[in-house]
>>> print(open('target-v5.txt').read())   # compact mmCIF, C-alpha atoms
# COMPACT_ATOMS: atom_id res chain seq x y z
CA MET I 140 0.00 0.00 0.00
CA LYS I 141 1.45 3.34 -0.99
CA GLN I 142 0.51 6.89 -0.05
CA ILE I 143 -0.46 9.73 -2.36
CA THR I 144 -0.71 13.46 -1.74
CA ARG I 145 -3.45 15.67 -3.12
CA ASP I 146 -4.22 19.38 -2.77
CA TYR I 147 -7.85 20.31 -2.05
CA ASN I 148 -8.17 24.08 -2.42
CA GLY I 149 -5.00 24.57 -0.39
CA LEU I 150 -5.62 21.72 2.05
CA VAL I 151 -2.97 19.06 1.46
CA LEU I 152 -4.06 15.52 2.37
CA ASN I 153 -2.10 12.30 2.39
CA PHE I 154 -4.08 9.09 2.00
CA ASN I 155 -3.36 5.48 1.17
CA ILE I 156 -3.96 3.97 -2.24
CA SER I 157 -4.56 0.23 -2.23
CA ASP I 158 -3.31 -2.22 -4.82
CA LEU I 159 -4.87 -5.54 -5.76
CA ASN I 160 -3.04 -7.51 -3.06
CA ASP I 161 -4.22 -5.06 -0.39
CA ILE I 162 -7.80 -5.46 -1.57
CA LYS I 163 -7.53 -9.25 -1.57
CA ASP I 164 -6.35 -9.21 2.06
CA ILE I 165 -9.21 -6.88 3.08
CA ILE I 166 -11.87 -9.00 1.38
CA ASN I 167 -10.49 -12.23 2.86
CA ASN I 168 -10.64 -10.66 6.32
CA LEU I 169 -14.26 -9.62 5.76
CA LYS I 170 -15.19 -13.07 4.45
CA ASN I 171 -13.73 -14.71 7.54
CA ASN I 172 -15.82 -12.48 9.80
CA LYS I 173 -19.23 -12.88 8.16
CA GLN I 174 -20.54 -15.39 10.69
CA ASN I 175 -19.35 -13.42 13.71
CA VAL I 176 -20.91 -10.23 12.34
CA HIS I 177 -24.18 -12.08 11.81
CA GLU I 178 -24.27 -12.83 15.55
CA ILE I 179 -24.00 -9.16 16.60
CA PRO I 180 -27.37 -8.05 18.04
CA THR I 181 -29.12 -5.24 16.20
CA ASP I 182 -29.29 -3.27 19.46
CA SER I 183 -25.47 -3.26 19.66
CA THR I 184 -25.19 -1.68 16.22
CA ILE I 185 -27.92 0.84 17.05
CA ASP I 186 -26.05 1.84 20.22
CA LEU I 187 -22.79 2.17 18.28
CA LEU I 188 -24.33 4.45 15.65
CA ASP I 189 -26.15 6.48 18.31
CA LEU I 190 -22.93 7.08 20.27
CA CYS I 191 -21.06 7.94 17.08
CA ALA I 192 -23.74 10.43 16.02
CA LYS I 193 -23.61 12.12 19.42
CA LYS I 194 -19.84 12.38 19.07
CA TRP I 195 -20.22 14.21 15.76
CA LEU I 196 -22.99 16.42 17.14
CA ASP I 197 -20.49 17.67 19.73
CA ARG I 198 -19.19 20.78 17.98
CA GLU I 199 -15.86 20.59 19.80
CA TYR I 200 -15.32 17.17 18.24
CA SER I 201 -16.60 18.10 14.78
CA ARG I 202 -14.96 21.55 14.44
CA GLU I 203 -11.72 20.37 12.81
CA HIS I 204 -13.61 18.02 10.48
CA VAL I 205 -16.04 20.77 9.45
CA ASP I 206 -13.13 23.07 8.60
CA LYS I 207 -11.54 20.44 6.37
CA LEU I 208 -14.79 19.37 4.73
CA ALA I 209 -15.60 22.99 3.91
CA GLN I 210 -12.30 23.37 2.10
CA ILE I 211 -12.55 20.05 0.27
CA THR I 212 -16.16 20.55 -0.86
CA ASN I 213 -15.81 24.28 -1.57
CA GLN I 214 -18.68 25.05 0.83
CA SER I 215 -18.88 27.42 3.77
CA LYS I 216 -18.34 26.07 7.28
CA GLU I 217 -21.86 27.16 8.23
CA LEU I 218 -23.37 25.12 5.40
CA VAL I 219 -21.22 22.04 6.06
CA LEU I 220 -22.08 22.14 9.78
CA PHE I 221 -25.82 22.30 9.04
CA GLU I 222 -25.61 19.44 6.55
CA LEU I 223 -23.42 17.33 8.84
CA GLU I 224 -25.65 17.76 11.87
CA TYR I 225 -28.78 16.93 9.90
CA VAL I 226 -27.21 13.67 8.70
CA MET I 227 -25.95 12.72 12.15
CA LYS I 228 -29.34 13.32 13.75
CA GLY I 229 -30.62 10.60 11.43
CA LEU I 230 -28.30 8.13 13.18
CA LEU I 231 -29.66 8.82 16.66
CA LYS I 232 -31.39 5.84 18.26
CA GLU I 233 -34.95 7.17 17.96
CA ASN I 234 -34.51 7.78 14.23
CA ILE I 235 -32.85 4.42 13.57
CA PHE I 236 -35.86 2.75 15.22
CA LYS I 237 -38.14 4.57 12.75
CA LEU I 238 -35.85 3.53 9.90
CA LEU I 239 -35.87 -0.14 10.85
CA ASP I 240 -39.58 -0.28 11.61
CA ASN I 241 -40.52 1.30 8.29
CA GLU I 242 -37.99 -0.46 6.05
CA LEU I 243 -38.04 -3.94 7.58
CA GLU I 244 -41.44 -3.87 9.37
CA ASP I 245 -39.83 -5.36 12.49
CA ARG I 246 -36.64 -3.83 13.86
CA TYR I 247 -35.34 -7.19 15.08
CA ILE I 248 -36.13 -9.26 11.98
CA LEU I 249 -32.39 -9.78 11.39
CA ASP I 250 -32.05 -11.16 14.94
CA LYS I 251 -35.01 -13.52 15.09
CA TRP I 252 -37.79 -15.28 13.22
CA VAL I 253 -40.99 -13.22 13.19
CA ASP I 254 -44.44 -14.85 13.28
CA LYS I 255 -46.61 -14.59 10.16
CA HIS I 256 -49.92 -16.18 9.13
CA TYR I 257 -48.04 -18.83 7.12
CA GLY I 258 -45.35 -19.52 9.73
CA LYS I 259 -42.31 -17.31 10.24
CA VAL I 260 -40.12 -14.84 8.33
CA HIS I 261 -36.53 -13.80 8.88
CA ARG I 262 -34.12 -11.54 7.03
CA GLN I 263 -30.51 -12.40 6.31
CA PRO I 264 -27.58 -10.22 5.18
CA ARG I 265 -26.39 -10.66 1.62
CA GLY I 266 -22.76 -10.99 2.76
CA ILE I 267 -19.96 -8.79 1.43
CA THR I 268 -21.30 -5.38 0.36
CA PHE I 269 -19.20 -3.06 -1.77
CA HIS I 270 -20.08 0.63 -1.38
CA ASN I 271 -18.85 2.55 -4.43
CA VAL I 272 -18.93 6.29 -3.69
CA SER I 273 -18.22 8.38 -6.76
CA GLY I 274 -17.92 12.14 -6.22
CA ASN I 275 -21.24 12.53 -4.42
CA ALA I 276 -22.26 14.79 -1.53
CA PHE I 277 -20.67 13.56 1.69
CA ILE I 278 -24.16 12.86 3.09
CA VAL I 279 -24.04 9.41 1.51
CA ILE I 280 -21.05 8.18 3.54
CA PRO I 281 -22.68 7.77 6.98
CA ILE I 282 -26.00 6.72 5.39
CA SER I 283 -24.43 3.96 3.31
CA ILE I 284 -22.18 2.75 6.13
CA ALA I 285 -25.05 2.74 8.64
CA MET I 286 -27.21 0.72 6.24
CA GLY I 287 -24.37 -1.76 5.73
CA LEU I 288 -23.88 -2.22 9.47
CA LEU I 289 -27.59 -2.40 10.35
CA SER I 290 -28.14 -5.05 7.67
CA LYS I 291 -25.39 -7.19 9.27
CA ASN I 292 -23.31 -7.22 6.10
CA VAL I 293 -19.54 -6.95 6.06
CA ASN I 294 -18.61 -3.82 4.13
CA ILE I 295 -15.87 -2.42 1.96
CA VAL I 296 -16.26 1.29 1.11
CA LYS I 297 -14.40 2.77 -1.84
CA VAL I 298 -14.16 6.56 -1.54
CA SER I 299 -13.85 9.13 -4.29
CA LYS I 300 -10.60 10.99 -4.86
CA ASP I 301 -12.74 14.15 -4.98
CA GLU I 302 -13.57 13.70 -1.28
CA PRO I 303 -11.58 10.92 0.42
CA TYR I 304 -11.54 12.49 3.88
CA PHE I 305 -14.93 12.07 5.53
CA ALA I 306 -15.29 8.30 5.18
CA HIS I 307 -11.98 7.74 6.96
CA ALA I 308 -12.89 10.27 9.66
CA PHE I 309 -16.26 8.59 10.19
CA PHE I 310 -14.62 5.16 10.37
CA LYS I 311 -12.16 6.47 12.95
CA SER I 312 -15.00 7.80 15.11
CA LEU I 313 -16.66 4.37 15.03
CA PHE I 314 -13.34 2.70 15.84
CA GLU I 315 -12.87 4.99 18.86
CA ILE I 316 -16.09 3.52 20.27
CA ASP I 317 -15.67 -0.11 19.19
CA GLU I 318 -12.39 -1.38 17.75
CA SER I 319 -14.08 -4.51 16.43
CA ILE I 320 -15.68 -2.35 13.73
CA LYS I 321 -12.66 -3.22 11.60
CA ASP I 322 -14.01 -6.77 11.34
CA ARG I 323 -17.08 -5.61 9.42
CA LEU I 324 -16.06 -2.34 7.80
CA SER I 325 -13.08 -1.26 5.71
CA VAL I 326 -12.61 2.09 3.96
CA VAL I 327 -10.29 2.13 0.95
CA TYR I 328 -9.23 4.19 -2.00
CA PHE I 329 -7.90 2.74 -5.23
CA ASP I 330 -7.38 4.12 -8.71
CA SER I 331 -10.71 4.19 -10.55
CA THR I 332 -8.95 3.14 -13.76
CA SER I 333 -7.82 -0.14 -12.10
CA GLU I 334 -10.21 -2.49 -13.85
CA ASP I 335 -8.53 -5.57 -12.35
CA ILE I 336 -9.33 -4.32 -8.83
CA TYR I 337 -12.93 -3.54 -9.73
CA ASP I 338 -13.28 -6.99 -11.29
CA TYR I 339 -11.91 -8.66 -8.17
CA VAL I 340 -14.02 -6.62 -5.74
CA VAL I 341 -17.29 -7.04 -7.63
CA SER I 342 -16.77 -10.73 -8.37
CA ASN I 343 -16.11 -11.34 -4.66
CA SER I 344 -19.06 -9.25 -3.44
CA ASP I 345 -22.63 -10.32 -2.79
CA CYS I 346 -24.06 -6.83 -3.18
CA VAL I 347 -22.92 -3.51 -4.65
CA ILE I 348 -24.41 -0.15 -3.68
CA HIS I 349 -23.40 2.74 -5.89
CA TRP I 350 -23.63 6.50 -5.32
CA GLY I 351 -22.62 8.79 -8.17
CA GLY I 352 -22.99 9.95 -11.73
CA LYS I 353 -24.00 8.30 -14.98
CA THR I 354 -20.58 7.19 -16.20
CA SER I 355 -19.60 5.46 -12.97
CA ARG I 356 -23.15 4.09 -12.55
CA ASP I 357 -23.09 2.49 -16.00
CA TYR I 358 -19.63 1.06 -15.35
CA MET I 359 -20.68 -0.54 -12.06
CA ALA I 360 -23.94 -1.83 -13.54
CA SER I 361 -22.02 -3.61 -16.29
CA LYS I 362 -19.63 -5.17 -13.76
CA CYS I 363 -22.50 -6.40 -11.60
CA ALA I 364 -24.29 -7.82 -14.64
CA LYS I 365 -21.10 -9.59 -15.71
CA TYR I 366 -20.69 -11.32 -12.34
CA GLY I 367 -24.36 -11.68 -11.39
CA VAL I 368 -24.07 -9.44 -8.31
CA HIS I 369 -27.05 -7.66 -6.76
CA PHE I 370 -26.79 -3.96 -7.74
CA ILE I 371 -28.32 -1.05 -5.80
CA GLU I 372 -28.22 2.19 -7.77
CA HIS I 373 -28.33 5.74 -6.45
CA GLY I 374 -27.87 8.40 -9.09
CA PRO I 375 -27.78 10.24 -11.32
CA LYS I 376 -31.06 11.98 -10.51
CA ILE I 377 -32.70 15.36 -11.16
CA SER I 378 -35.19 17.11 -8.87
CA PHE I 379 -37.50 20.11 -9.31
CA GLU I 380 -40.17 22.20 -7.58
CA VAL I 381 -43.73 23.03 -8.61
CA VAL I 382 -45.39 26.19 -7.26
CA ASP I 383 -49.16 26.05 -7.45
CA GLU I 384 -51.62 28.79 -6.56
CA GLY I 385 -51.56 30.16 -3.02
CA VAL I 386 -47.80 30.32 -2.67
CA THR I 387 -46.76 31.84 0.66
CA PHE I 388 -43.62 33.72 1.63
CA ASP I 389 -42.64 30.67 3.72
CA ASP I 390 -42.92 28.50 0.60
CA ILE I 391 -40.55 30.85 -1.20
CA LYS I 392 -38.11 30.80 1.73
CA GLY I 393 -38.25 27.02 1.50
CA ILE I 394 -37.34 27.09 -2.20
CA ALA I 395 -34.37 29.34 -1.41
CA LEU I 396 -33.21 26.82 1.20
CA ASP I 397 -33.73 23.85 -1.13
CA MET I 398 -31.53 25.40 -3.81
CA SER I 399 -28.78 26.24 -1.31
CA LEU I 400 -28.21 22.96 0.55
CA TRP I 401 -25.37 20.85 -0.84
CA GLU I 402 -24.85 23.68 -3.39
CA GLN I 403 -27.29 21.69 -5.57
CA ARG I 404 -24.82 18.79 -5.77
CA ALA I 405 -27.14 16.27 -4.17
CA CYS I 406 -29.73 14.47 -6.31
CA LEU I 407 -32.53 15.91 -4.18
CA SER I 408 -31.65 19.55 -4.92
CA PRO I 409 -33.96 21.40 -7.35
CA ARG I 410 -32.75 22.51 -10.77
CA VAL I 411 -36.03 24.01 -12.04
CA VAL I 412 -39.01 25.75 -10.41
CA PHE I 413 -42.26 25.46 -12.40
CA LEU I 414 -44.39 28.49 -11.53
CA ASN I 415 -48.15 28.59 -12.04
CA SER I 416 -48.85 31.40 -14.53
CA LYS I 417 -51.65 32.61 -12.22
CA VAL I 418 -49.01 33.58 -9.66
CA ASP I 419 -47.66 37.12 -10.01
CA LYS I 420 -44.23 36.34 -11.45
CA ASN I 421 -42.68 39.70 -10.58
CA GLU I 422 -43.72 39.44 -6.94
CA PHE I 423 -42.55 35.82 -6.80
CA LEU I 424 -39.15 36.59 -8.31
CA GLU I 425 -38.62 39.61 -6.08
CA ASN I 426 -39.47 37.51 -3.02
CA LEU I 427 -37.25 34.63 -4.15
CA ASN I 428 -34.41 37.09 -4.69
CA THR I 429 -34.95 38.48 -1.18
CA CYS I 430 -35.13 35.00 0.34
CA ILE I 431 -32.01 33.68 -1.32
CA LYS I 432 -30.15 36.76 -0.08
CA GLY I 433 -31.36 35.90 3.42
CA VAL I 434 -30.30 32.26 3.13
CA THR I 435 -26.89 33.35 1.85
CA GLU I 436 -26.39 35.41 4.99
CA ILE I 437 -27.06 32.31 7.14
CA PHE I 438 -25.28 29.84 4.86
CA PRO I 439 -22.79 31.94 2.92
CA LYS I 440 -21.12 30.84 -0.28
CA GLU I 441 -17.45 30.03 0.02
CA TYR I 442 -14.81 30.58 -2.62
CA TYR I 443 -11.96 28.18 -1.90
CA ASP I 444 -12.10 27.21 -5.58
CA ALA I 445 -12.03 30.09 -8.07
CA PHE I 446 -13.09 27.90 -11.00
CA SER I 447 -16.64 27.31 -9.76
CA SER I 448 -17.13 31.07 -9.47
CA ILE I 449 -15.81 31.66 -12.98
CA LYS I 450 -18.00 28.90 -14.39
CA THR I 451 -21.13 30.42 -12.80
CA MET I 452 -20.35 33.77 -14.45
CA GLN I 453 -19.81 32.06 -17.81
CA ASP I 454 -23.09 30.15 -17.50
CA ARG I 455 -24.94 33.37 -16.68
CA GLN I 456 -23.42 35.07 -19.68
CA TYR I 457 -24.40 32.17 -21.95
CA ILE I 458 -28.04 32.34 -20.82
CA VAL I 459 -28.23 36.13 -21.17
CA ILE I 460 -26.79 36.09 -24.70
CA LYS I 461 -29.12 33.26 -25.72
CA ASN I 462 -32.22 35.10 -24.43
CA ILE I 463 -31.24 38.74 -25.06
CA ASP I 464 -34.00 39.29 -27.66
CA LYS I 465 -36.79 37.60 -25.69
CA ASN I 466 -39.40 39.64 -23.90
CA ASP I 467 -40.34 37.10 -21.25
CA PHE I 468 -36.88 36.73 -19.75
CA LYS I 469 -35.50 38.02 -16.45
CA ILE I 470 -32.38 37.40 -14.45
CA TYR I 471 -31.90 38.09 -10.74
CA SER I 472 -28.43 37.48 -9.38
CA SER I 473 -25.83 38.60 -6.92
CA LYS I 474 -23.02 40.79 -8.18
CA ASN I 475 -20.66 37.92 -7.50
CA SER I 476 -21.56 34.25 -8.10
CA ASP I 477 -23.49 33.72 -4.86
CA TYR I 478 -26.76 32.92 -6.66
CA THR I 479 -28.48 33.12 -10.04
CA ILE I 480 -32.22 33.07 -10.75
CA ILE I 481 -33.24 32.74 -14.41
CA TYR I 482 -36.86 33.39 -15.42
CA SER I 483 -37.75 32.13 -18.89
CA ASP I 484 -40.96 30.94 -20.53
CA ILE I 485 -38.86 28.28 -22.26
CA PRO I 486 -37.70 25.54 -19.83
CA PRO I 487 -33.99 24.69 -19.78
CA THR I 488 -32.42 22.22 -22.18
CA ASN I 489 -30.48 19.24 -20.86
CA LYS I 490 -27.28 21.22 -21.32
CA GLU I 491 -28.71 24.09 -19.26
CA ILE I 492 -29.94 21.75 -16.52
CA ASP I 493 -26.30 20.69 -16.12
CA MET I 494 -25.45 24.32 -15.29
CA CYS I 495 -27.64 24.24 -12.19
CA PHE I 496 -25.07 24.01 -9.42
CA ASN I 497 -23.94 26.45 -6.76
CA ARG I 498 -27.39 28.10 -6.36
CA PHE I 499 -28.23 28.50 -10.05
CA ILE I 500 -31.89 27.87 -10.84
CA PHE I 501 -34.47 28.28 -13.61
CA VAL I 502 -38.00 29.53 -12.92
CA CYS I 503 -40.43 28.65 -15.72
CA PRO I 504 -44.17 29.43 -15.98
CA TYR I 505 -46.83 26.86 -16.76
CA SER I 506 -50.54 27.27 -17.59
CA SER I 507 -51.42 23.60 -17.44
CA LYS I 508 -49.71 20.79 -15.53
CA GLU I 509 -49.65 18.88 -18.81
CA GLU I 510 -46.81 21.23 -19.79
CA ILE I 511 -44.78 19.95 -16.83
CA LEU I 512 -45.62 16.33 -17.65
CA ASN I 513 -44.61 16.83 -21.29
CA TYR I 514 -41.32 18.44 -20.21
CA ILE I 515 -40.64 15.43 -17.99
CA ASP I 516 -41.33 13.07 -20.90
CA GLU I 517 -38.94 14.94 -23.17
CA ASN I 518 -36.10 15.65 -20.73
CA LEU I 519 -36.22 13.90 -17.36
CA LEU I 520 -37.52 10.35 -17.70
CA GLY I 521 -35.19 7.94 -15.94
CA TYR I 522 -33.59 10.73 -13.89
CA LEU I 523 -36.45 11.79 -11.60
CA GLN I 524 -36.23 11.83 -7.83
CA THR I 525 -37.63 14.60 -5.57
CA MET I 526 -40.41 17.12 -6.24
CA GLY I 527 -40.95 20.05 -3.91
CA TYR I 528 -44.65 20.95 -4.10
CA ASN I 529 -46.84 23.51 -2.34
CA GLY I 530 -50.14 22.29 -3.83
CA GLU I 531 -52.82 19.68 -3.14
CA ASP I 532 -53.52 18.31 -6.63
CA PHE I 533 -53.32 14.56 -5.99
CA GLU I 534 -54.21 13.75 -9.57
CA PHE I 535 -51.03 15.57 -10.59
CA ILE I 536 -49.05 13.85 -7.80
CA GLU I 537 -50.28 10.51 -9.11
CA LYS I 538 -49.20 11.35 -12.65
CA VAL I 539 -45.68 12.54 -11.75
CA SER I 540 -45.15 9.55 -9.48
CA LEU I 541 -46.13 7.24 -12.35
CA LYS I 542 -43.38 8.88 -14.38
CA GLY I 543 -40.75 8.22 -11.71
CA VAL I 544 -40.87 10.94 -9.04
CA SER I 545 -40.32 8.96 -5.84
CA ILE I 546 -40.21 11.67 -3.16
CA ILE I 547 -42.64 14.58 -2.75
CA THR I 548 -42.08 17.20 -0.05
CA LYS I 549 -43.23 20.69 0.71
CA PRO I 550 -40.80 23.51 -0.20
CA GLY I 551 -37.86 23.68 2.19
CA PHE I 552 -37.78 19.95 2.88
CA MET I 553 -36.43 18.48 -0.33
CA SER I 554 -33.13 17.65 1.38
CA MET I 555 -34.66 16.66 4.70
CA HIS I 556 -36.39 13.33 4.43
CA GLU I 557 -38.24 11.75 7.32
CA PRO I 558 -36.56 8.65 8.81
CA GLY I 559 -37.91 5.50 7.22
CA THR I 560 -38.97 7.08 3.93
CA SER I 561 -37.65 5.51 0.75
CA HIS I 562 -34.61 6.73 -1.16
CA ASP I 563 -35.00 6.63 -4.95
CA GLY I 564 -38.25 4.71 -4.52
CA PHE I 565 -36.96 1.69 -2.61
CA TYR I 566 -35.67 0.75 0.83
CA ASN I 567 -31.94 0.17 1.12
CA LEU I 568 -32.19 -2.19 4.09
CA ARG I 569 -34.56 -4.44 2.16
CA GLU I 570 -32.23 -4.38 -0.84
CA MET I 571 -29.17 -5.18 1.29
CA THR I 572 -30.89 -8.20 2.87
CA TYR I 573 -33.16 -10.98 1.66
CA ALA I 574 -36.27 -12.50 3.18
CA VAL I 575 -36.51 -16.15 4.24
CA SER I 576 -39.96 -17.63 4.83
CA TYR I 577 -40.57 -20.71 6.99
CA GLN I 578 -43.94 -22.00 5.82
CA LYS I 579 -45.24 -24.35 8.48
>>> encode(input="target-v5.txt", output="structure tokens")
Amino acid sequence: MKQITRDYNGLVLNFNISDLNDIKDIINNLKNNKQNVHEIPTDSTIDLLDLCAKKWLDREYSREHVDKLAQITNQSKELVLFELEYVMKGLLKENIFKLLDNELEDRYILDKWVDKHYGKVHRQPRGITFHNVSGNAFIVIPISIAMGLLSKNVNIVKVSKDEPYFAHAFFKSLFEIDESIKDRLSVVYFDSTSEDIYDYVVSNSDCVIHWGGKTSRDYMASKCAKYGVHFIEHGPKISFEVVDEGVTFDDIKGIALDMSLWEQRACLSPRVVFLNSKVDKNEFLENLNTCIKGVTEIFPKEYYDAFSSIKTMQDRQYIVIKNIDKNDFKIYSSKNSDYTIIYSDIPPTNKEIDMCFNRFIFVCPYSSKEEILNYIDENLLGYLQTMGYNGEDFEFIEKVSLKGVSIITKPGFMSMHEPGTSHDGFYNLREMTYAVSYQK
């Protein structure tokens, strides 16, 4: 195992890069521990995650990590702290109970056989689970690891070179509580171009869970298909908001928050706001501009990386030049690249959707919800995830959910899912285990 050095916006990190022999040793160790891990009571894992979450919620403990994560992710410390604490609250005991009860129906179904009308049912871990994290928001690290531990799998986590820090820090915090965690969890980094390592890991895994973009998703899907390994896919996804009649100032504040968290780099962040044409667009845009200014004061933008700022300016310029002759076009933005609001009666193209990062959003009017449904058909099918919605039209909700929207929240809660709700339309704990029925 050798060490590499990488500069993240002025923060120099050294981390280990594993070769094939290192990976073989790690997987053999995990294989040898599968039975012992299976015997660990669910309550023990819940207590471990609860203690770990409380450790991270102690701001004295988390301060150094927040500083480093801010620099690596090019986000402000205030924003990173908010995001980190929200994720860690999900690992507190009361929220894990909700997670288990909703996903598995019985929180102890991995410990015991549960009575059913036909006899009994029990869930078993799949075995070795490979977590492939590819340049996603750091929210996925503790979520994926927690799911792997709660499902009684043994886990190998491959981190992204774009953010290799948090997974190791989270592992260390677990290890500080229980050193035996190393028997069921290993965090590694290896070169993503090392096809021989990927082949070995996937062919020796019983389950692969992937978090990331289209290219890495397609690559992992092909590997899992080749070796007949159960594949759990998260990403790439696109989310949006729909503003119906009766929009309140609180709704608009919620939209401003939704487009600020994770700097729109999480799948559940909105790229487009569809605005009912009956709503006064000028009043809405003025209020959204005011609200995003307010959110920016609480969660400021950070500029560790100059490129993202330059790119935002270039994207703005592109949109202005493209729409300069159109009457129904407005732009509200900060003087710097803190935020950009584009109002256009023509919804964004796929290329323009890809510009929507770092608080850059399109607001587009609609007269009929069929316009939204047609836009989905032409641009978003296969990529849908979360819809922020302030209305009560359940016929519309039914139609968008049939097209693939799997999460519907009110504005301001797109990034804040209730414990036990599905992610991408399915339950990870069910996917990472299998059901055994004893039919007496």
>>> closest_residue(input="target-v5.txt", among="I:Leu288, I:Ala306, I:Gln214, I:Phe329", to="Gln403 in chain I", atoms="all atoms listed in the file")
I:Gln214
>>> residues_around(input="target-v5.txt", residues="range 470-485 of chain I", least_positions_apart="4", cutoff="6 Å", atoms="all atoms listed in the file", output="list of chain:residue names")
I:Lys440, I:Ser448, I:Arg498, I:Phe499, I:Ile500, I:Phe501, I:Val502, I:Cys503, I:Pro504
>>> residues_around(input="target-v5.txt", residues="Thr184 in chain I", least_positions_apart="2", cutoff="10 Å", atoms="all atoms listed in the file", output="list in words")
Ile179, Pro180, Thr181, Asp182, Asp186, Leu187, Leu188, Asp189, Leu190, Lys232, Ala285, Leu288, Leu289, Ser290, Lys291 and Ile320 of chain I
>>> closest_residue(input="target-v5.txt", among="I:Ile185, I:Val539, I:Leu568, I:Met553", to="Leu313 in chain I", atoms="only C-alpha atoms")
I:Ile185
>>> residues_around(input="target-v5.txt", residues="Gly393 in chain I", least_positions_apart="2", cutoff="10 Å", atoms="only C-alpha atoms", output="PyMOL selection string")
chain I and resi 387-391+395-399+427+430-431+434+527+549-553
>>> residues_around(input="target-v5.txt", residues="Asp240 in chain I", least_positions_apart="3", cutoff="12 Å", atoms="all atoms listed in the file", output="NGL selection string")
:I and (233-237 or 243-249 or 558-560 or 566 or 568-569)
>>> write_last_selection(input="target-v5.txt", atoms="C-alpha atoms", output="PDB file, in the frame of the given file")
ATOM      1  CA  GLU I 233     -34.950   7.170  17.960  1.00  0.00           C
ATOM      2  CA  ASN I 234     -34.510   7.780  14.230  1.00  0.00           C
ATOM      3  CA  ILE I 235     -32.850   4.420  13.570  1.00  0.00           C
ATOM      4  CA  PHE I 236     -35.860   2.750  15.220  1.00  0.00           C
ATOM      5  CA  LYS I 237     -38.140   4.570  12.750  1.00  0.00           C
ATOM      6  CA  LEU I 243     -38.040  -3.940   7.580  1.00  0.00           C
ATOM      7  CA  GLU I 244     -41.440  -3.870   9.370  1.00  0.00           C
ATOM      8  CA  ASP I 245     -39.830  -5.360  12.490  1.00  0.00           C
ATOM      9  CA  ARG I 246     -36.640  -3.830  13.860  1.00  0.00           C
ATOM     10  CA  TYR I 247     -35.340  -7.190  15.080  1.00  0.00           C
ATOM     11  CA  ILE I 248     -36.130  -9.260  11.980  1.00  0.00           C
ATOM     12  CA  LEU I 249     -32.390  -9.780  11.390  1.00  0.00           C
ATOM     13  CA  PRO I 558     -36.560   8.650   8.810  1.00  0.00           C
ATOM     14  CA  GLY I 559     -37.910   5.500   7.220  1.00  0.00           C
ATOM     15  CA  THR I 560     -38.970   7.080   3.930  1.00  0.00           C
ATOM     16  CA  TYR I 566     -35.670   0.750   0.830  1.00  0.00           C
ATOM     17  CA  LEU I 568     -32.190  -2.190   4.090  1.00  0.00           C
ATOM     18  CA  ARG I 569     -34.560  -4.440   2.160  1.00  0.00           C
TER      19      ARG I 569
END
>>> residues_around(input="target-v5.txt", residues="Gln524 in chain I", least_positions_apart="3", cutoff="12 Å", atoms="only C-alpha atoms", output="PDB file with C-alpha atoms, keeping the file's coordinate frame")
ATOM      1  CA  HIS I 373     -28.330   5.740  -6.450  1.00  0.00           C
ATOM      2  CA  GLY I 374     -27.870   8.400  -9.090  1.00  0.00           C
ATOM      3  CA  PRO I 375     -27.780  10.240 -11.320  1.00  0.00           C
ATOM      4  CA  LYS I 376     -31.060  11.980 -10.510  1.00  0.00           C
ATOM      5  CA  ILE I 377     -32.700  15.360 -11.160  1.00  0.00           C
ATOM      6  CA  SER I 378     -35.190  17.110  -8.870  1.00  0.00           C
ATOM      7  CA  PHE I 379     -37.500  20.110  -9.310  1.00  0.00           C
ATOM      8  CA  GLU I 380     -40.170  22.200  -7.580  1.00  0.00           C
ATOM      9  CA  ALA I 405     -27.140  16.270  -4.170  1.00  0.00           C
ATOM     10  CA  CYS I 406     -29.730  14.470  -6.310  1.00  0.00           C
ATOM     11  CA  LEU I 407     -32.530  15.910  -4.180  1.00  0.00           C
ATOM     12  CA  SER I 408     -31.650  19.550  -4.920  1.00  0.00           C
ATOM     13  CA  PRO I 409     -33.960  21.400  -7.350  1.00  0.00           C
ATOM     14  CA  ARG I 410     -32.750  22.510 -10.770  1.00  0.00           C
ATOM     15  CA  ILE I 515     -40.640  15.430 -17.990  1.00  0.00           C
ATOM     16  CA  LEU I 519     -36.220  13.900 -17.360  1.00  0.00           C
ATOM     17  CA  LEU I 520     -37.520  10.350 -17.700  1.00  0.00           C
ATOM     18  CA  GLY I 521     -35.190   7.940 -15.940  1.00  0.00           C
ATOM     19  CA  GLY I 527     -40.950  20.050  -3.910  1.00  0.00           C
ATOM     20  CA  VAL I 539     -45.680  12.540 -11.750  1.00  0.00           C
ATOM     21  CA  SER I 540     -45.150   9.550  -9.480  1.00  0.00           C
ATOM     22  CA  LEU I 541     -46.130   7.240 -12.350  1.00  0.00           C
ATOM     23  CA  LYS I 542     -43.380   8.880 -14.380  1.00  0.00           C
ATOM     24  CA  GLY I 543     -40.750   8.220 -11.710  1.00  0.00           C
ATOM     25  CA  VAL I 544     -40.870  10.940  -9.040  1.00  0.00           C
ATOM     26  CA  SER I 545     -40.320   8.960  -5.840  1.00  0.00           C
ATOM     27  CA  ILE I 546     -40.210  11.670  -3.160  1.00  0.00           C
ATOM     28  CA  ILE I 547     -42.640  14.580  -2.750  1.00  0.00           C
ATOM     29  CA  THR I 548     -42.080  17.200  -0.050  1.00  0.00           C
ATOM     30  CA  MET I 553     -36.430  18.480  -0.330  1.00  0.00           C
ATOM     31  CA  SER I 554     -33.130  17.650   1.380  1.00  0.00           C
ATOM     32  CA  SER I 561     -37.650   5.510   0.750  1.00  0.00           C
ATOM     33  CA  HIS I 562     -34.610   6.730  -1.160  1.00  0.00           C
ATOM     34  CA  ASP I 563     -35.000   6.630  -4.950  1.00  0.00           C
ATOM     35  CA  GLY I 564     -38.250   4.710  -4.520  1.00  0.00           C
ATOM     36  CA  PHE I 565     -36.960   1.690  -2.610  1.00  0.00           C
TER      37      PHE I 565
END
